[in-house]
Structure formats: C-alpha cells, structure tokens
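Structure below is target_37.cif: mmCIF, C-alpha atoms.
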```cif
data_data
loop_
_atom_site.group_PDB
_atom_site.id
_atom_site.type_symbol
_atom_site.label_atom_id
_atom_site.label_comp_id
_atom_site.auth_asym_id
_atom_site.auth_seq_id
_atom_site.Cartn_x
_atom_site.Cartn_y
_atom_site.Cartn_z
ATOM 1 C CA MET A 126 47.996 -28.105 -13.196
ATOM 2 C CA GLU A 127 47.136 -29.758 -16.465
ATOM 3 C CA LEU A 128 47.921 -33.222 -17.823
ATOM 4 C CA ILE A 129 48.558 -33.047 -21.570
ATOM 5 C CA PRO A 130 48.672 -36.480 -23.288
ATOM 6 C CA LEU A 131 52.196 -37.261 -24.473
ATOM 7 C CA CYS A 132 52.154 -40.914 -25.531
ATOM 8 C CA THR A 133 51.335 -44.459 -24.646
ATOM 9 C CA ALA A 134 54.141 -46.968 -24.266
ATOM 10 C CA ARG A 135 54.492 -50.721 -24.176
ATOM 11 C CA PHE A 136 57.565 -52.432 -22.734
ATOM 12 C CA ASP A 137 58.369 -56.112 -23.150
ATOM 13 C CA VAL A 138 60.166 -57.089 -19.954
ATOM 14 C CA ASP A 139 62.229 -60.128 -18.995
ATOM 15 C CA PRO A 140 61.342 -61.926 -15.760
ATOM 16 C CA PRO A 141 63.054 -60.215 -12.822
ATOM 17 C CA ILE A 142 66.431 -61.231 -11.472
ATOM 18 C CA GLN A 143 66.124 -61.429 -7.665
ATOM 19 C CA PHE A 144 69.070 -60.185 -5.581
ATOM 20 C CA GLY A 145 67.445 -61.068 -2.281
ATOM 21 C CA ARG A 146 66.983 -58.884 0.762
ATOM 22 C CA THR A 147 69.433 -55.996 0.804
ATOM 23 C CA PRO A 148 69.814 -53.296 3.467
ATOM 24 C CA THR A 149 67.225 -51.169 1.591
ATOM 25 C CA GLY A 150 64.727 -53.940 0.749
ATOM 26 C CA GLN A 151 64.107 -56.751 -1.709
ATOM 27 C CA ARG A 152 66.097 -55.827 -4.854
ATOM 28 C CA SER A 153 65.251 -57.020 -8.363
ATOM 29 C CA GLN A 154 66.202 -56.022 -11.892
ATOM 30 C CA SER A 155 64.457 -56.683 -15.207
ATOM 31 C CA ASP A 156 65.814 -56.053 -18.685
ATOM 32 C CA ILE A 157 63.470 -54.234 -21.022
ATOM 33 C CA ARG A 158 63.955 -55.993 -24.333
ATOM 34 C CA GLY A 159 61.562 -53.888 -26.399
ATOM 35 C CA ALA A 160 59.708 -50.593 -26.088
ATOM 36 C CA THR A 161 57.280 -48.749 -28.331
ATOM 37 C CA PHE A 162 56.080 -45.178 -27.737
ATOM 38 C CA GLU A 163 53.092 -43.916 -29.718
ATOM 39 C CA GLY A 164 51.581 -40.455 -29.563
ATOM 40 C CA ASP A 165 50.873 -37.345 -31.605
ATOM 41 C CA ARG A 166 54.073 -35.671 -30.389
ATOM 42 C CA LEU A 167 56.345 -38.647 -29.710
ATOM 43 C CA ARG A 168 56.764 -41.866 -31.661
ATOM 44 C CA ALA A 169 59.819 -43.952 -30.795
ATOM 45 C CA THR A 170 61.251 -47.394 -30.099
ATOM 46 C CA LEU A 171 63.971 -48.705 -27.825
ATOM 47 C CA ALA A 172 67.528 -47.921 -28.951
ATOM 48 C CA GLY A 173 70.128 -49.991 -27.133
ATOM 49 C CA THR A 174 69.573 -51.458 -23.699
ATOM 50 C CA ALA A 175 67.162 -50.589 -20.919
ATOM 51 C CA SER A 176 66.667 -51.808 -17.391
ATOM 52 C CA ASP A 177 64.092 -51.594 -14.616
ATOM 53 C CA TRP A 178 65.525 -51.658 -11.073
ATOM 54 C CA LEU A 179 63.103 -52.182 -8.217
ATOM 55 C CA ILE A 180 63.419 -52.120 -4.441
ATOM 56 C CA LEU A 181 60.463 -53.645 -2.637
ATOM 57 C CA ALA A 182 59.972 -52.725 1.018
ATOM 58 C CA GLY A 183 56.828 -54.388 2.298
ATOM 59 C CA ASP A 184 54.194 -53.870 -0.375
ATOM 60 C CA ILE A 185 55.654 -50.613 -1.759
ATOM 61 C CA GLY A 186 58.191 -50.673 -4.575
ATOM 62 C CA THR A 187 60.526 -47.908 -5.696
ATOM 63 C CA ILE A 188 61.196 -47.956 -9.453
ATOM 64 C CA ASP A 189 64.268 -46.660 -11.317
ATOM 65 C CA VAL A 190 64.216 -47.032 -15.126
ATOM 66 C CA ARG A 191 66.594 -45.672 -17.764
ATOM 67 C CA MET A 192 66.528 -46.172 -21.508
ATOM 68 C CA ALA A 193 67.500 -44.698 -24.852
ATOM 69 C CA LEU A 194 64.855 -44.104 -27.501
ATOM 70 C CA ARG A 195 65.074 -43.587 -31.250
ATOM 71 C CA THR A 196 62.219 -41.570 -32.727
ATOM 72 C CA ASP A 197 60.559 -42.512 -35.991
ATOM 73 C CA ASP A 198 62.502 -39.644 -37.613
ATOM 74 C CA GLY A 199 65.903 -40.683 -36.213
ATOM 75 C CA ALA A 200 66.412 -38.568 -33.081
ATOM 76 C CA LEU A 201 67.991 -40.136 -29.983
ATOM 77 C CA ILE A 202 66.356 -39.356 -26.645
ATOM 78 C CA GLY A 203 67.269 -40.447 -23.128
ATOM 79 C CA LEU A 204 64.413 -41.296 -20.764
ATOM 80 C CA ARG A 205 64.613 -41.739 -17.017
ATOM 81 C CA TYR A 206 61.752 -42.259 -14.654
ATOM 82 C CA THR A 207 61.325 -43.081 -11.011
ATOM 83 C CA GLY A 208 58.235 -43.757 -9.022
ATOM 84 C CA LYS A 209 56.219 -45.996 -6.756
ATOM 85 C CA LEU A 210 54.659 -49.407 -7.292
ATOM 86 C CA ASP A 211 51.940 -50.595 -4.918
ATOM 87 C CA VAL A 212 51.803 -54.402 -4.814
ATOM 88 C CA SER A 213 49.271 -54.653 -1.981
ATOM 89 C CA ASP A 214 46.540 -55.643 -4.478
ATOM 90 C CA PRO A 215 47.734 -58.445 -6.821
ATOM 91 C CA ALA A 216 44.932 -57.584 -9.260
ATOM 92 C CA ASP A 217 46.124 -53.964 -9.636
ATOM 93 C CA ARG A 218 49.881 -53.507 -9.742
ATOM 94 C CA ALA A 219 49.881 -50.019 -11.201
ATOM 95 C CA SER A 220 52.862 -47.743 -10.827
ATOM 96 C CA ARG A 221 52.941 -43.957 -10.789
ATOM 97 C CA VAL A 222 56.104 -42.355 -12.111
ATOM 98 C CA ALA A 223 57.809 -39.026 -12.819
ATOM 99 C CA ALA A 224 59.721 -39.014 -16.111
ATOM 100 C CA THR A 225 62.336 -36.741 -17.649
ATOM 101 C CA PHE A 226 63.757 -36.727 -21.163
ATOM 102 C CA GLU A 227 67.118 -35.571 -22.471
ATOM 103 C CA THR A 228 68.198 -34.951 -26.047
ATOM 104 C CA GLY A 229 70.523 -32.819 -28.115
ATOM 105 C CA ASP A 230 68.261 -33.009 -31.181
ATOM 106 C CA GLU A 231 66.755 -29.552 -31.749
ATOM 107 C CA ARG A 232 63.461 -31.030 -32.977
ATOM 108 C CA TYR A 233 62.877 -32.576 -29.539
ATOM 109 C CA LEU A 234 64.493 -30.055 -27.167
ATOM 110 C CA TRP A 235 60.982 -29.314 -25.901
ATOM 111 C CA LEU A 236 61.063 -32.773 -24.278
ATOM 112 C CA SER A 237 64.122 -31.754 -22.246
ATOM 113 C CA ARG A 238 62.093 -28.855 -20.812
ATOM 114 C CA ILE A 239 59.037 -30.752 -19.594
ATOM 115 C CA GLN A 240 58.153 -32.822 -16.570
ATOM 116 C CA ALA A 241 56.207 -35.910 -17.532
ATOM 117 C CA VAL A 242 54.188 -38.251 -15.354
ATOM 118 C CA GLY A 243 52.837 -41.692 -16.067
ATOM 119 C CA LYS A 244 50.738 -44.541 -14.833
ATOM 120 C CA SER A 245 51.280 -48.174 -15.754
ATOM 121 C CA ARG A 246 49.590 -51.505 -15.747
ATOM 122 C CA LEU A 247 51.449 -54.807 -15.704
ATOM 123 C CA GLU A 248 50.341 -57.731 -17.851
ATOM 124 C CA ARG A 249 51.615 -61.282 -17.557
ATOM 125 C CA ASN A 250 50.920 -64.045 -20.048
ATOM 126 C CA GLY A 251 52.674 -67.180 -18.757
ATOM 127 C CA GLN A 252 56.360 -66.272 -18.651
ATOM 128 C CA GLU A 253 55.868 -63.181 -20.851
ATOM 129 C CA TRP A 254 55.626 -59.795 -19.088
ATOM 130 C CA SER A 255 54.665 -56.431 -20.545
ATOM 131 C CA VAL A 256 54.140 -53.031 -18.992
ATOM 132 C CA HIS A 257 51.793 -50.468 -20.536
ATOM 133 C CA TYR A 258 52.156 -46.782 -19.682
ATOM 134 C CA ASP A 259 50.158 -43.647 -20.319
ATOM 135 C CA PHE A 260 52.540 -40.663 -20.187
ATOM 136 C CA TYR A 261 51.460 -37.040 -19.807
ATOM 137 C CA GLU A 262 53.194 -33.689 -19.876
ATOM 138 C CA LEU A 263 52.607 -31.916 -16.585
ATOM 139 C CA ARG A 264 51.834 -28.207 -17.050
#
```
Represent the structure from my file as structure tokens, please.
Amino acid sequence: MELIPLCTARFDVDPPIQFGRTPTGQRSQSDIRGATFEGDRLRATLAGTASDWLILAGDIGTIDVRMALRTDDGALIGLRYTGKLDVSDPADRASRVAATFETGDERYLWLSRIQAVGKSRLERNGQEWSVHYDFYELR
C-alpha cells in the first residue's frame, strides 16, 4: 500500500452540543462553520453546511462527518468520513479516518474512485476550536 498526499485541511468548529448518554454512548454534535482544503490536486472550501457527529464510549470516539466542498475552479464535491478518536491522552486527541468523495464533475471523477485516509489534530484557543487534517489517497 502507498499513501499519496492529497491535501491538508483546516476546519473551524463550533463547541459541541451534548446530547447526554444515549444507548450507544455519549453523543455530541459540532457544526463545522468553515473548511479549507489545500493540496496540489485538491483546493476547496466549505459549500453549505457541515456537521461532525461523535459517539464517545469510554475513551474511544466514533466520528461521522459529512460536508459539501466547492473547488477553487467551481466543482461541487461531497465528502464523508468516519473514523476513531482516542481521547485517553488529553495532550494528543488525534483521529484516524477513512474518507470518500462523490462528484458529478468530470474534472474530479478521479476523487469518486479513490479511498482516502486522514489523521487529525485538534486545537483549542479559548472557546475557538479548529481541526487540522492531513489526507492521503490510499493506493
């Protein structure tokens, strides 16, 4: 297997809304109010709304994120990723995710054919939260 760099991404995220303990775990949801993707093959920003849903069971979180992107040349692309977040170490809250893209724009159909993976780091500055990802095409 190879990891081919796809892009880096930065998400500005609202503080989480806490639903409390549900039958599957502690549920929260955060709106993603801004996103920027920068790479040689993909440059895009958030188009519309996006949301990060998390279920925390013990110190392991399960992530479910969906968003629409608009590339710098006007294409619309759907992005969905799921993965795991380990919160056992407060100093390192990295997540590992599997991402898929979907588009009808012929210039970016190659994205619909790939499996991408990513790793994040969470940054908090007072009440401001951001998530930084490195995404790779898995070959």
*asked:* Starting from the PyMOL selection byres ((chain A and resi 203) around 8), expand the selection into actual residues of this file and give them as a PyMOL selection string.
replied: chain A and resi 191-194+201-202+204-205+226-228
Using only C-alpha atoms, find each residue of range 178-256 of chain A with at least one atom at most 12 Å away from an atom of range 133-150 of chain A; report its shortest atom-to-atom pair and that distance in Å (one decimal), sort the rows by chain and rising residue number, and return the result as a tab-separated table.
```
residue	atom	partner	partner_atom	distance
A:Trp178	CA	A:Pro141	CA	9.1
A:Leu179	CA	A:Pro141	CA	9.3
A:Ile180	CA	A:Gly150	CA	5.7
A:Leu181	CA	A:Gly150	CA	5.5
A:Ala182	CA	A:Gly150	CA	4.9
A:Gly183	CA	A:Gly150	CA	8.1
A:Asp184	CA	A:Gly150	CA	10.6
A:Ile185	CA	A:Gly150	CA	10.0
A:Gly186	CA	A:Gly150	CA	9.0
A:Thr187	CA	A:Gly150	CA	9.8
A:Val190	CA	A:Phe136	CA	11.5
A:Met192	CA	A:Phe136	CA	11.0
A:Leu194	CA	A:Ala134	CA	11.6
A:Val242	CA	A:Thr133	CA	11.5
A:Gly243	CA	A:Thr133	CA	9.1
A:Lys244	CA	A:Thr133	CA	9.8
A:Ser245	CA	A:Ala134	CA	9.1
A:Arg246	CA	A:Arg135	CA	9.8
A:Leu247	CA	A:Phe136	CA	9.6
A:Glu248	CA	A:Asp137	CA	9.8
A:Arg249	CA	A:Val138	CA	9.8
A:Asn250	CA	A:Asp137	CA	11.3
A:Gly251	CA	A:Pro140	CA	10.6
A:Gln252	CA	A:Pro140	CA	7.2
A:Glu253	CA	A:Asp139	CA	7.3
A:Trp254	CA	A:Val138	CA	5.4
A:Ser255	CA	A:Asp137	CA	4.5
A:Val256	CA	A:Phe136	CA	5.1
```
*To one decimal place, how far is CA of Ser213 in chain A from CA of Arg152 in chain A in Å?*
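CA of Ser213 in chain A sits 17.1 Å away from CA of Arg152 in chain A.
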_So the first atom is CA of Ile157 in chain A and the second is CA of Arg264 in chain A; what is the distance between them in Å, to one decimal place?_
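A separation of 28.8 Å between them.
In this comparison, which uses all atoms listed in the file, the residue of A:Arg218, A:Tyr261, A:Leu167, A:Ile188 approaching Arg232 in chain A most closely is A:Leu167.
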*Protein and nucleic acid residues near (62.1, -28.6, -21.5) (cut-off 12 Å, only C-alpha atoms) as a PyMOL selection string*: chain A and resi 224-229+231-241+262-264
Listed atoms of range 222-235 of chain A boxed axis-aligned with 3 Å per side, centre + edges as JSON:
```
{"center_x": 63.3, "center_y": -35.8, "center_z": -22.5, "size_x": 20.4, "size_y": 19.0, "size_z": 26.9}
```
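Between CA of Ile129 in chain A and CA of Ala219 in chain A the separation is 19.9 Å.
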*Looking at A:Asp211, A:Asp156, A:Asp177, A:Asp230, which one is nearest to Gly199 in chain A, with distances taken over only C-alpha atoms?*
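Smallest distance to Gly199 in chain A is found for A:Asp230.
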*Nearest candidate to Phe162 in chain A (options A:Leu131, A:Ala223, A:Ala216, A:Ala200; using only C-alpha atoms)*: A:Leu131
*Considering only C-alpha atoms, state which residue in the set A:Ser153, A:Phe260, A:Asp189, A:Arg195 is at the smallest distance from Ala169 in chain A.*
A:Arg195
*Find the residue from A:Ser220, A:Leu171, A:Asp214, A:Ser176 that sits nearest to Asp197 in chain A; use all atoms listed in the file when measuring.*
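The answer is A:Leu171, which sits nearest to Asp197 in chain A.
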*From A:Arg221, A:Arg168, A:Lys209, A:Arg158, residue lying nearest Asp259 in chain A [only C-alpha atoms]*: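 Ranking A:Arg221, A:Arg168, A:Lys209, A:Arg158 by distance to Asp259 in chain A, first place goes to A:Arg221.
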Missing atoms in range 163-176 of chain A: fill them in up to N, CA and C atoms and send the result as a compact mmCIF listing (two decimals), keeping the file's coordinate frame.
```txt
# COMPACT_ATOMS: atom_id res chain seq x y z
N GLU A 163 53.97 -44.41 -28.66
CA GLU A 163 53.09 -43.92 -29.72
C GLU A 163 52.26 -42.76 -29.21
N GLY A 164 52.36 -41.63 -29.91
CA GLY A 164 51.58 -40.46 -29.56
C GLY A 164 51.66 -39.44 -30.68
N ASP A 165 50.87 -38.39 -30.58
CA ASP A 165 50.87 -37.34 -31.60
C ASP A 165 52.19 -36.59 -31.63
N ARG A 166 52.84 -36.45 -30.47
CA ARG A 166 54.07 -35.67 -30.39
C ARG A 166 55.32 -36.51 -30.24
N LEU A 167 55.19 -37.78 -29.91
CA LEU A 167 56.34 -38.65 -29.71
C LEU A 167 56.04 -40.05 -30.20
N ARG A 168 56.84 -40.49 -31.16
CA ARG A 168 56.76 -41.87 -31.66
C ARG A 168 58.19 -42.40 -31.68
N ALA A 169 58.44 -43.47 -30.93
CA ALA A 169 59.82 -43.95 -30.80
C ALA A 169 59.82 -45.43 -30.41
N THR A 170 61.01 -46.02 -30.54
CA THR A 170 61.25 -47.39 -30.10
C THR A 170 62.55 -47.42 -29.29
N LEU A 171 62.76 -48.53 -28.63
CA LEU A 171 63.97 -48.70 -27.82
C LEU A 171 65.21 -48.69 -28.71
N ALA A 172 66.23 -47.96 -28.27
CA ALA A 172 67.53 -47.92 -28.95
C ALA A 172 68.56 -48.36 -27.93
N GLY A 173 69.15 -49.52 -28.10
CA GLY A 173 70.13 -49.99 -27.13
C GLY A 173 69.48 -50.79 -26.02
N THR A 174 70.05 -50.67 -24.83
CA THR A 174 69.57 -51.46 -23.70
C THR A 174 68.77 -50.60 -22.74
N ALA A 175 67.95 -51.27 -21.93
CA ALA A 175 67.16 -50.59 -20.92
C ALA A 175 66.97 -51.54 -19.75
N SER A 176 66.78 -50.97 -18.57
CA SER A 176 66.67 -51.81 -17.39
C SER A 176 65.74 -51.16 -16.37
```
